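Data block for coords_35.tsv (TSV, C-alpha atoms and all ligand atoms):
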chain	number	residue	atom	x	y	z
A	1	MET	CA	0.00	0.00	0.00
A	2	GLN	CA	0.89	3.67	-0.20
A	3	ALA	CA	2.16	5.63	2.82
A	4	ALA	CA	4.18	8.77	3.55
A	5	VAL	CA	7.40	7.76	5.32
A	6	LEU	CA	9.62	9.94	7.52
A	7	ASN	CA	13.06	8.46	6.83
A	8	GLN	CA	14.92	10.53	9.44
A	9	VAL	CA	13.93	13.02	12.11
A	10	GLY	CA	14.99	16.40	10.68
A	11	ASP	CA	13.87	15.64	7.11
A	12	SER	CA	11.62	18.36	5.79
A	13	ASP	CA	9.80	16.05	3.37
A	14	LEU	CA	8.10	12.69	3.66
A	15	GLU	CA	8.81	9.98	1.10
A	16	LEU	CA	5.75	8.57	-0.59
A	17	ARG	CA	6.28	4.82	-0.92
A	18	GLU	CA	4.17	2.08	-2.44
A	19	ASP	CA	5.86	-0.84	-0.66
A	20	VAL	CA	4.52	-0.24	2.86
A	21	GLY	CA	2.51	-2.86	4.73
A	22	THR	CA	0.98	-3.28	8.18
A	23	THR	CA	1.57	-6.05	10.67
A	24	ARG	CA	-1.33	-8.50	11.15
A	25	PRO	CA	-3.60	-7.26	13.96
A	26	GLY	CA	-2.84	-8.90	17.31
A	27	PRO	CA	-5.73	-10.30	19.42
A	28	ASP	CA	-6.76	-6.85	20.69
A	29	GLU	CA	-5.92	-4.85	17.57
A	30	VAL	CA	-7.78	-3.81	14.46
A	31	ARG	CA	-6.74	-2.90	10.94
A	32	VAL	CA	-8.35	0.24	9.59
A	33	ARG	CA	-8.61	1.48	6.02
A	34	ILE	CA	-8.01	5.23	6.30
A	35	ARG	CA	-10.41	7.38	4.27
A	36	ALA	CA	-9.50	10.87	5.53
A	37	ALA	CA	-6.55	12.21	7.51
A	38	GLY	CA	-6.03	15.72	8.82
A	39	ILE	CA	-2.62	17.40	8.78
A	40	CYS	CA	-1.88	18.81	12.24
A	41	HIS	CA	1.00	21.02	13.30
A	42	SER	CA	2.17	18.19	15.60
A	43	ASP	CA	3.03	16.17	12.47
A	44	LEU	CA	5.60	18.85	11.65
A	45	SER	CA	6.75	18.74	15.28
A	46	ALA	CA	7.32	14.98	14.95
A	47	MET	CA	9.38	15.58	11.81
A	48	ASP	CA	11.59	18.30	13.28
A	49	GLY	CA	12.20	16.60	16.63
A	50	THR	CA	10.01	18.90	18.77
A	51	LEU	CA	7.87	15.88	19.71
A	52	PRO	CA	9.26	12.35	20.16
A	53	ALA	CA	8.91	10.22	17.05
A	54	LEU	CA	10.74	7.16	15.83
A	55	ALA	CA	12.16	6.99	12.31
A	56	PRO	CA	11.67	5.49	9.90
A	57	GLY	CA	8.07	6.19	10.72
A	58	ILE	CA	4.68	6.89	9.28
A	59	ILE	CA	3.45	10.32	10.36
A	60	GLY	CA	-0.19	11.42	10.82
A	61	HIS	CA	-2.27	11.07	13.97
A	62	GLU	CA	-5.66	12.47	12.93
A	63	GLY	CA	-7.85	10.22	10.81
A	64	SER	CA	-11.00	8.30	10.16
A	65	GLY	CA	-11.77	5.20	8.15
A	66	ASP	CA	-13.32	1.74	8.13
A	67	VAL	CA	-12.39	-1.36	10.11
A	68	VAL	CA	-11.24	-4.02	7.66
A	69	GLU	CA	-9.89	-6.70	10.03
A	70	ILE	CA	-10.30	-7.41	13.75
A	71	GLY	CA	-8.12	-9.39	16.14
A	72	ALA	CA	-9.45	-12.59	17.72
A	73	ALA	CA	-10.29	-10.96	21.07
A	74	VAL	CA	-12.01	-7.84	19.71
A	75	THR	CA	-15.71	-7.85	20.58
A	76	ASP	CA	-16.80	-4.22	20.39
A	77	LEU	CA	-15.87	-3.52	16.76
A	78	ALA	CA	-16.79	-5.31	13.55
A	79	VAL	CA	-15.51	-5.23	10.00
A	80	GLY	CA	-17.23	-2.34	8.22
A	81	ASP	CA	-17.52	-0.08	11.27
A	82	GLN	CA	-16.57	3.56	10.67
A	83	VAL	CA	-14.06	4.72	13.28
A	84	ILE	CA	-12.06	7.72	14.43
A	85	ILE	CA	-8.42	7.04	15.28
A	86	SER	CA	-7.33	8.12	18.77
A	87	PHE	CA	-3.70	8.77	19.68
A	88	VAL	CA	-4.59	7.90	23.28
A	89	PRO	CA	-6.43	4.58	23.30
A	90	PRO	CA	-7.79	4.30	26.86
A	91	CYS	CA	-6.86	0.92	28.34
A	92	GLY	CA	-9.80	1.18	30.75
A	93	LYS	CA	-7.94	-0.45	33.63
A	94	CYS	CA	-4.97	1.70	34.68
A	95	ALA	CA	-5.00	4.22	37.53
A	96	SER	CA	-5.55	7.15	35.10
A	97	CYS	CA	-8.52	5.47	33.41
A	98	LEU	CA	-10.04	4.47	36.75
A	99	ARG	CA	-9.74	7.99	38.09
A	100	GLY	CA	-11.60	9.36	35.08
A	101	GLU	CA	-8.52	10.77	33.34
A	102	ALA	CA	-8.59	8.60	30.25
A	103	ASN	CA	-6.60	11.19	28.26
A	104	LEU	CA	-3.65	10.49	30.56
A	105	CYS	CA	-3.69	6.71	30.00
A	106	SER	CA	-0.16	5.86	28.93
A	107	VAL	CA	-0.50	2.09	28.55
A	108	HIS	CA	-0.88	2.01	24.76
A	109	ALA	CA	1.07	5.25	24.25
A	110	ILE	CA	4.19	3.67	25.78
A	111	ALA	CA	3.64	0.41	23.89
A	112	ALA	CA	3.53	2.37	20.63
A	113	PHE	CA	7.26	3.09	21.06
A	114	SER	CA	8.12	-0.61	21.32
A	115	SER	CA	5.66	-2.20	18.90
A	116	PRO	CA	6.06	-1.15	15.26
A	117	ARG	CA	2.87	-1.83	13.30
A	118	PHE	CA	4.11	-0.98	9.81
A	119	VAL	CA	6.68	-2.67	7.59
A	120	VAL	CA	8.65	-1.31	4.66
A	121	GLY	CA	10.17	-4.23	2.85
A	122	ASP	CA	11.25	-6.34	5.82
A	123	GLN	CA	12.04	-3.37	8.05
A	124	PRO	CA	9.68	-2.65	11.01
A	125	VAL	CA	8.41	0.94	10.97
A	126	PHE	CA	6.66	2.89	13.74
A	127	GLY	CA	3.52	4.99	13.47
A	128	PHE	CA	3.75	8.48	15.00
A	129	ALA	CA	1.96	8.60	18.38
A	130	GLY	CA	0.96	4.99	17.80
A	131	CYS	CA	-1.04	5.99	14.70
A	132	GLY	CA	0.36	6.77	11.22
A	133	THR	CA	-2.70	8.06	9.38
A	134	PHE	CA	-0.74	9.20	6.30
A	135	ALA	CA	-1.14	5.66	5.02
A	136	GLU	CA	-3.90	3.77	3.28
A	137	GLU	CA	-4.19	1.40	6.24
A	138	LEU	CA	-2.96	1.14	9.81
A	139	VAL	CA	-3.17	-1.25	12.75
A	140	VAL	CA	-4.09	0.15	16.18
A	141	PRO	CA	-5.29	-1.22	19.54
A	142	SER	CA	-9.07	-1.65	19.37
A	143	ALA	CA	-9.47	1.14	21.96
A	144	GLY	CA	-7.68	3.46	19.52
A	145	ALA	CA	-10.43	3.03	16.92
A	146	VAL	CA	-13.66	4.51	18.25
A	147	ARG	CA	-16.87	3.68	16.38
A	148	VAL	CA	-18.85	6.50	14.82
A	149	ASP	CA	-22.58	5.85	14.70
A	150	GLY	CA	-24.69	7.61	12.11
A	151	ASP	CA	-23.90	9.55	9.03
A	152	VAL	CA	-20.69	11.50	9.56
A	153	PRO	CA	-18.40	12.31	6.60
A	154	TYR	CA	-14.92	10.83	7.02
A	155	GLU	CA	-13.28	14.26	6.88
A	156	ILE	CA	-15.48	15.62	9.68
A	157	ALA	CA	-14.79	12.53	11.79
A	158	ALA	CA	-11.05	12.85	11.13
A	159	LEU	CA	-10.90	16.41	12.48
A	160	ILE	CA	-12.46	15.30	15.74
A	161	GLY	CA	-9.61	12.82	16.31
A	162	CYS	CA	-7.11	15.54	17.23
A	163	GLY	CA	-7.62	19.22	16.47
A	164	VAL	CA	-11.26	19.64	17.40
A	165	LEU	CA	-11.21	17.61	20.59
A	166	THR	CA	-7.88	19.12	21.70
A	167	GLY	CA	-9.15	22.69	21.28
A	168	VAL	CA	-12.80	22.36	22.29
A	169	GLY	CA	-11.87	20.01	25.13
A	170	ALA	CA	-9.32	22.48	26.53
A	171	VAL	CA	-12.13	25.01	26.94
A	172	LEU	CA	-15.00	22.75	28.02
A	173	ASN	CA	-13.16	20.04	29.97
A	174	THR	CA	-9.86	21.49	31.17
A	175	ALA	CA	-10.78	25.11	31.91
A	176	LYS	CA	-14.58	24.78	32.16
A	177	VAL	CA	-15.09	28.33	30.89
A	178	GLU	CA	-18.37	29.80	32.13
A	179	PRO	CA	-20.89	32.11	30.39
A	180	GLY	CA	-19.84	35.74	30.44
A	181	ALA	CA	-16.13	34.97	30.77
A	182	SER	CA	-13.41	36.86	28.90
A	183	VAL	CA	-11.05	34.66	26.91
A	184	VAL	CA	-7.89	35.17	24.89
A	185	ILE	CA	-6.58	32.46	22.57
A	186	ILE	CA	-2.98	32.74	21.41
A	187	GLY	CA	-2.49	30.87	18.13
A	188	ALA	CA	-5.26	30.59	15.53
A	189	GLY	CA	-4.31	27.34	13.78
A	190	GLY	CA	-6.63	24.33	13.71
A	191	VAL	CA	-6.56	23.75	17.49
A	192	GLY	CA	-6.81	27.49	18.21
A	193	ILE	CA	-9.88	27.81	15.96
A	194	ALA	CA	-11.42	24.83	17.76
A	195	ALA	CA	-10.72	26.57	21.09
A	196	ILE	CA	-12.39	29.74	19.77
A	197	GLN	CA	-15.43	27.64	18.93
A	198	GLY	CA	-15.32	26.07	22.40
A	199	ALA	CA	-15.22	29.54	23.98
A	200	ARG	CA	-18.22	30.62	21.91
A	201	LEU	CA	-20.06	27.43	22.97
A	202	SER	CA	-19.28	28.23	26.61
A	203	GLY	CA	-20.96	31.62	26.34
A	204	ALA	CA	-17.77	33.65	26.72
A	205	THR	CA	-18.57	37.26	25.83
A	206	GLN	CA	-15.06	38.41	24.94
A	207	ILE	CA	-13.05	36.07	22.73
A	208	VAL	CA	-9.77	37.50	21.50
A	209	ALA	CA	-7.78	35.61	18.86
A	210	VAL	CA	-4.06	36.39	18.64
A	211	ASP	CA	-2.00	35.34	15.62
A	212	PRO	CA	0.84	36.95	13.67
A	213	VAL	CA	-0.77	35.86	10.38
A	214	THR	CA	-3.28	38.65	9.79
A	215	ASP	CA	-5.17	36.57	7.20
A	216	LYS	CA	-6.31	34.44	10.12
A	217	HIS	CA	-7.99	37.34	11.91
A	218	ASP	CA	-11.13	37.41	9.76
A	219	LEU	CA	-11.18	33.63	9.80
A	220	ALA	CA	-11.08	33.65	13.61
A	221	ARG	CA	-13.91	36.20	13.72
A	222	GLY	CA	-15.96	33.91	11.50
A	223	PHE	CA	-15.65	31.14	14.11
A	224	GLY	CA	-16.68	33.34	17.03
A	225	ALA	CA	-13.76	35.57	17.99
A	226	THR	CA	-15.04	38.99	19.03
A	227	HIS	CA	-11.62	40.57	18.46
A	228	ALA	CA	-8.43	39.52	16.66
A	229	CYS	CA	-4.95	41.01	16.74
A	230	THR	CA	-1.25	40.37	16.22
A	231	PRO	CA	0.92	39.48	19.28
A	232	GLU	CA	2.37	43.02	19.20
A	233	ALA	CA	-1.09	44.56	19.44
A	234	LEU	CA	-2.21	42.38	22.38
A	235	PRO	CA	-1.07	44.71	25.23
A	236	GLU	CA	-3.14	47.52	23.72
A	237	LEU	CA	-6.20	45.25	23.56
A	238	ILE	CA	-5.68	44.10	27.17
A	239	GLU	CA	-5.75	47.76	28.15
A	240	LYS	CA	-8.79	48.56	26.03
A	241	LEU	CA	-10.93	45.51	26.85
A	242	THR	CA	-9.97	44.74	30.42
A	243	GLY	CA	-8.61	48.03	31.75
A	244	ASN	CA	-5.26	46.25	32.05
A	245	GLN	CA	-6.67	43.64	34.44
A	246	GLY	CA	-6.19	40.77	32.00
A	247	PHE	CA	-8.58	38.08	30.79
A	248	ASP	CA	-10.37	35.45	32.88
A	249	TYR	CA	-8.85	32.72	30.70
A	250	ALA	CA	-5.84	32.66	28.39
A	251	PHE	CA	-5.26	29.64	26.13
A	252	GLU	CA	-1.82	29.15	24.64
A	253	VAL	CA	-2.07	27.04	21.48
A	254	VAL	CA	1.46	27.39	20.09
A	255	GLY	CA	3.81	25.53	22.43
A	256	GLN	CA	6.61	28.09	22.78
A	257	PRO	CA	8.03	29.79	25.89
A	258	ALA	CA	7.29	33.32	24.63
A	259	THR	CA	3.65	32.56	23.86
A	260	ILE	CA	3.17	30.68	27.16
A	261	ARG	CA	4.58	33.69	28.97
A	262	ALA	CA	2.37	36.02	26.89
A	263	ALA	CA	-0.70	33.95	27.83
A	264	TRP	CA	0.27	34.14	31.51
A	265	ASP	CA	0.77	37.91	31.27
A	266	ALA	CA	-2.61	38.28	29.55
A	267	THR	CA	-4.39	36.44	32.39
A	268	ARG	CA	-5.97	38.51	35.18
A	269	ARG	CA	-5.03	37.99	38.81
A	270	GLY	CA	-6.93	34.91	39.94
A	271	GLY	CA	-7.57	33.90	36.31
A	272	THR	CA	-6.53	30.76	34.47
A	273	THR	CA	-3.79	30.15	31.90
A	274	VAL	CA	-4.14	26.94	29.90
A	275	VAL	CA	-1.19	25.51	27.97
A	276	VAL	CA	-2.53	23.54	25.00
A	277	GLY	CA	0.41	23.93	22.58
A	278	ALA	CA	2.80	20.97	22.29
A	279	GLY	CA	6.26	22.33	23.09
A	280	ARG	CA	9.79	20.91	23.18
A	281	ALA	CA	10.98	18.91	26.20
A	282	ASP	CA	13.97	21.21	26.66
A	283	ALA	CA	12.19	24.57	26.28
A	284	THR	CA	11.64	26.35	29.57
A	285	VAL	CA	9.40	29.20	30.73
A	286	GLU	CA	10.32	31.58	33.56
A	287	PHE	CA	8.04	32.74	36.36
A	288	SER	CA	9.18	34.77	39.32
A	289	ALA	CA	8.68	33.13	42.70
A	290	GLN	CA	6.72	36.15	43.81
A	291	GLU	CA	4.26	36.42	40.95
A	292	LEU	CA	3.21	32.79	41.33
A	293	PHE	CA	1.74	33.37	44.80
A	294	LEU	CA	0.98	37.04	44.59
A	295	HIS	CA	-1.30	36.91	41.54
A	296	GLU	CA	-2.93	33.60	42.37
A	297	LYS	CA	-3.26	32.67	38.70
A	298	LYS	CA	-4.02	29.05	37.85
A	299	LEU	CA	-1.63	27.45	35.37
A	300	LEU	CA	-3.19	24.37	33.75
A	301	GLY	CA	-1.81	21.96	31.19
A	302	SER	CA	-4.29	20.47	28.76
A	303	PHE	CA	-3.47	17.21	27.01
A	304	TYR	CA	-5.92	15.94	24.38
A	305	GLY	CA	-8.59	18.30	25.72
A	306	SER	CA	-8.73	16.43	29.06
A	307	ALA	CA	-11.08	14.20	27.08
A	308	ASP	CA	-12.33	10.67	27.24
A	309	VAL	CA	-12.61	9.69	23.58
A	310	ARG	CA	-15.35	7.15	24.42
A	311	ARG	CA	-17.58	10.02	25.59
A	312	ASP	CA	-16.24	13.08	23.81
A	313	TYR	CA	-16.01	11.98	20.15
A	314	ARG	CA	-19.79	11.46	20.32
A	315	ARG	CA	-20.20	14.77	22.08
A	316	MET	CA	-18.29	16.61	19.33
A	317	ILE	CA	-20.39	14.86	16.66
A	318	GLU	CA	-23.61	15.86	18.44
A	319	LEU	CA	-22.44	19.48	18.73
A	320	TRP	CA	-21.63	19.44	15.01
A	321	GLN	CA	-25.01	17.86	14.17
A	322	ALA	CA	-26.75	20.52	16.25
A	323	GLY	CA	-25.01	23.24	14.23
A	324	LEU	CA	-23.04	24.39	17.26
A	325	LEU	CA	-19.60	23.46	15.90
A	326	ASP	CA	-18.55	24.44	12.37
A	327	LEU	CA	-16.22	21.65	11.30
A	328	ALA	CA	-16.60	21.82	7.51
A	329	GLY	CA	-15.49	25.46	7.70
A	330	MET	CA	-12.21	24.38	9.28
A	331	ILE	CA	-11.16	22.47	6.16
A	332	SER	CA	-8.91	24.78	4.14
A	333	ARG	CA	-8.41	22.32	1.28
A	334	ARG	CA	-8.38	18.66	0.31
A	335	ILE	CA	-5.29	16.92	-1.09
A	336	THR	CA	-4.16	13.39	-1.91
A	337	LEU	CA	-1.37	11.44	-0.23
A	338	SER	CA	0.92	12.23	-3.16
A	339	GLU	CA	0.56	15.95	-2.30
A	340	ILE	CA	1.45	15.48	1.38
A	341	ASN	CA	4.65	17.56	1.28
A	342	ASP	CA	2.79	20.50	-0.18
A	343	GLY	CA	0.23	20.04	2.59
A	344	LEU	CA	2.96	20.12	5.23
A	345	ALA	CA	4.38	23.29	3.67
A	346	GLY	CA	0.93	24.85	3.92
A	347	ILE	CA	0.89	24.25	7.68
A	348	ARG	CA	4.52	25.40	8.11
A	349	SER	CA	3.75	28.74	6.46
A	350	GLY	CA	0.62	29.24	8.55
A	351	LYS	CA	-1.43	29.50	5.36
A	352	PHE	CA	-3.93	26.74	6.15
A	353	ILE	CA	-5.57	25.67	9.39
A	354	ARG	CA	-6.60	22.16	8.39
A	355	GLN	CA	-6.06	20.21	5.20
A	356	ILE	CA	-7.61	16.84	4.64
A	357	VAL	CA	-5.74	14.06	2.92
A	358	THR	CA	-8.42	11.98	1.24
A	359	VAL	CA	-7.74	8.32	0.52
A	360	ASP	CA	-10.17	6.50	-1.80
B	401	LIG	C1	-0.22	15.80	19.97
B	401	LIG	C2	0.34	15.52	21.30
B	401	LIG	C3	1.48	14.56	21.24
B	401	LIG	C4	1.15	13.34	20.45
B	401	LIG	C5	0.56	13.63	19.13
B	401	LIG	C6	-0.55	14.58	19.19
B	401	LIG	N1	-1.35	16.61	20.15
B	401	LIG	C7	-1.89	17.36	19.19
B	401	LIG	O1	-1.51	17.46	18.05
B	402	ZN	ZN	-2.66	16.91	16.37
How would this structure read if it were set down as structure tokens?
Ligand code: CXF
Ligand code: ZN
Amino acid sequence: MQAAVLNQVGDSDLELREDVGTTRPGPDEVRVRIRAAGICHSDLSAMDGTLPALAPGIIGHEGSGDVVEIGAAVTDLAVGDQVIISFVPPCGKCASCLRGEANLCSVHAIAAFSSPRFVVGDQPVFGFAGCGTFAEELVVPSAGAVRVDGDVPYEIAALIGCGVLTGVGAVLNTAKVEPGASVVIIGAGGVGIAAIQGARLSGATQIVAVDPVTDKHDLARGFGATHACTPEALPELIEKLTGNQGFDYAFEVVGQPATIRAAWDATRRGGTTVVVGAGRADATVEFSAQELFLHEKKLLGSFYGSADVRRDYRRMIELWQAGLLDLAGMISRRITLSEINDGLAGIRSGKFIRQIVTVD
């Protein structure tokens, strides 16, 4: 089959190969035919070493498709089921799952680094984050393929698998933004736009989108931002909208020290800063010992929207069906697997928020 292979971390392009295969599904695994995959900024982060990825590897962690084979012990999925791929398959039994923090289940995430599920020739190849959706097929634990009931286009389902749930979940699950709140969102890519939509859903009355790419300002307004500005213009807007108090909530959706610090500085005393962006392991952010206690701000991390995919994929679909989430509007363009490098360039330049790789 066809798949886009990262030969070495640091490569700026993926190699499209025709000689890629999957392993046979183990007892608790399924093989999925991918029909749509979204390109997320984290795919670039896997390629440039910001996020841990093994090479050679198949990149892509947002996707939807059909189950084509099930392992002997799989009882809750059948061949023909439409599924969304999850990069955190909840094991259901570990301490995190039992405490209701399924997004923090690391059982399958750790295993993904020791069990390659692709082959190129006779070489084992890993899928990024245990997935590898830039391929015609992949094998994942059954908990990493969540059934979609009803009529949901593959591309809409794919978006829910990472960007939408990460952004909307950060607002609804992690921060629990309340009606009337003031919110600033730093970074208006796919996850940032999803967070803007989450803030609108929450009834926030001030939603400020911050992005250096001015083309994204009108786009952000279309999804519910009440104001949009460049990072340089943010201090002026903090003054104008909050009388220099700062916002109730600041979401950082970039993953860099400067933007994390900017989100913190844009948060009012007693307010909440939420770090959604996926940063480097060796990048550090400075806070003074005094400001941490004196301003009583809450600093929250948000991983995968603090979500439980078994509950929240359905919730996102229902919000979309009710017309409360605009997911089709998030799709900047559709490409094929053979155009993947152009798609990656489109994310690198900040030109597109989400592109869908369609696989027939
Ligand atoms: C990332 C987080 C690290 C694993 C891959 C997905 N989140 C959003 O893109
Ligand atoms: Zn992602």
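The residue set within 12 Å of Lys216 of chain A, counting only C-alpha atoms and dropping same-chain residues fewer than 4 places from it, reads Ile186, Gly187, Ala188, Gly189, Gly190, Gly192, Ile193, Ala209, Val210, Asp211, Pro212, Ala220, Arg221, Gly222, Phe223, Ala225, His227, Ala228, Cys229, Thr230, Met330, Ser332, Gly350, Lys351, Phe352 and Ile353 of chain A.
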Original post:
Residues at most 9 Å from ligand LIG 401 (chain B), using all atoms listed in the file? Could they come as a count of residues only?
Top reply: 27
**OP:** Record the distance separating atom CA of Leu299 of chain A and atom CA of Ile110 of chain A, expressed in Å with one decimal.
**Re:** 26.3 Å
Original post:
Hey, what's within 9 Å of segment 250-263 of chain A if we count only C-alpha atoms and toss same-chain stuff fewer than 6 positions away? As an NGL selection string, please?
Top reply: :A and (167 or 170-171 or 182-189 or 191-192 or 195 or 231 or 271-280 or 283-287)
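Residue nearest Thr75 of chain A, chosen from A:Val30, A:Met316, A:Ile39, A:Cys97 and counting all atoms listed in the file: A:Val30.
Considering the residues A:Leu201, A:Leu138, A:Leu219, A:Ala37 and counting only C-alpha atoms and all ligand atoms, ligand ZN 402 (chain B) has its shortest atom-to-atom contact with A:Ala37.
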**OP:** In Å, rounded to a single decimal, give me how far atom CA of Ala3 of chain A is from atom CA of Asp149 of chain A.
**Re:** 27.4 Å
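Taking only C-alpha atoms and all ligand atoms into account, ligand ZN 402 (chain B) lies nearest to A:Leu44 out of the set A:Leu44, A:Ile356, A:Ala73, A:Ile317.
Here atom CA of Ala328 of chain A and atom CA of Gly80 of chain A stand 24.2 Å from one another.
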Subject >> Shell around Ala36 of chain A at 7 Å using only C-alpha atoms, local window under 2 positions removed, as a PyMOL selection string >> reply: chain A and resi 34+38+63-65+154-155+158+356-359
Write to file, as an mmCIF file, in the coordinates of the input, the residues of the selection just made, with C-alpha atoms.
data_model
loop_
_atom_site.group_PDB
_atom_site.id
_atom_site.type_symbol
_atom_site.label_atom_id
_atom_site.label_comp_id
_atom_site.auth_asym_id
_atom_site.auth_seq_id
_atom_site.Cartn_x
_atom_site.Cartn_y
_atom_site.Cartn_z
ATOM 1 C CA ILE A 34 -8.010 5.230 6.300
ATOM 2 C CA GLY A 38 -6.030 15.720 8.820
ATOM 3 C CA GLY A 63 -7.850 10.220 10.810
ATOM 4 C CA SER A 64 -11.000 8.300 10.160
ATOM 5 C CA GLY A 65 -11.770 5.200 8.150
ATOM 6 C CA TYR A 154 -14.920 10.830 7.020
ATOM 7 C CA GLU A 155 -13.280 14.260 6.880
ATOM 8 C CA ALA A 158 -11.050 12.850 11.130
ATOM 9 C CA ILE A 356 -7.610 16.840 4.640
ATOM 10 C CA VAL A 357 -5.740 14.060 2.920
ATOM 11 C CA THR A 358 -8.420 11.980 1.240
ATOM 12 C CA VAL A 359 -7.740 8.320 0.520
#
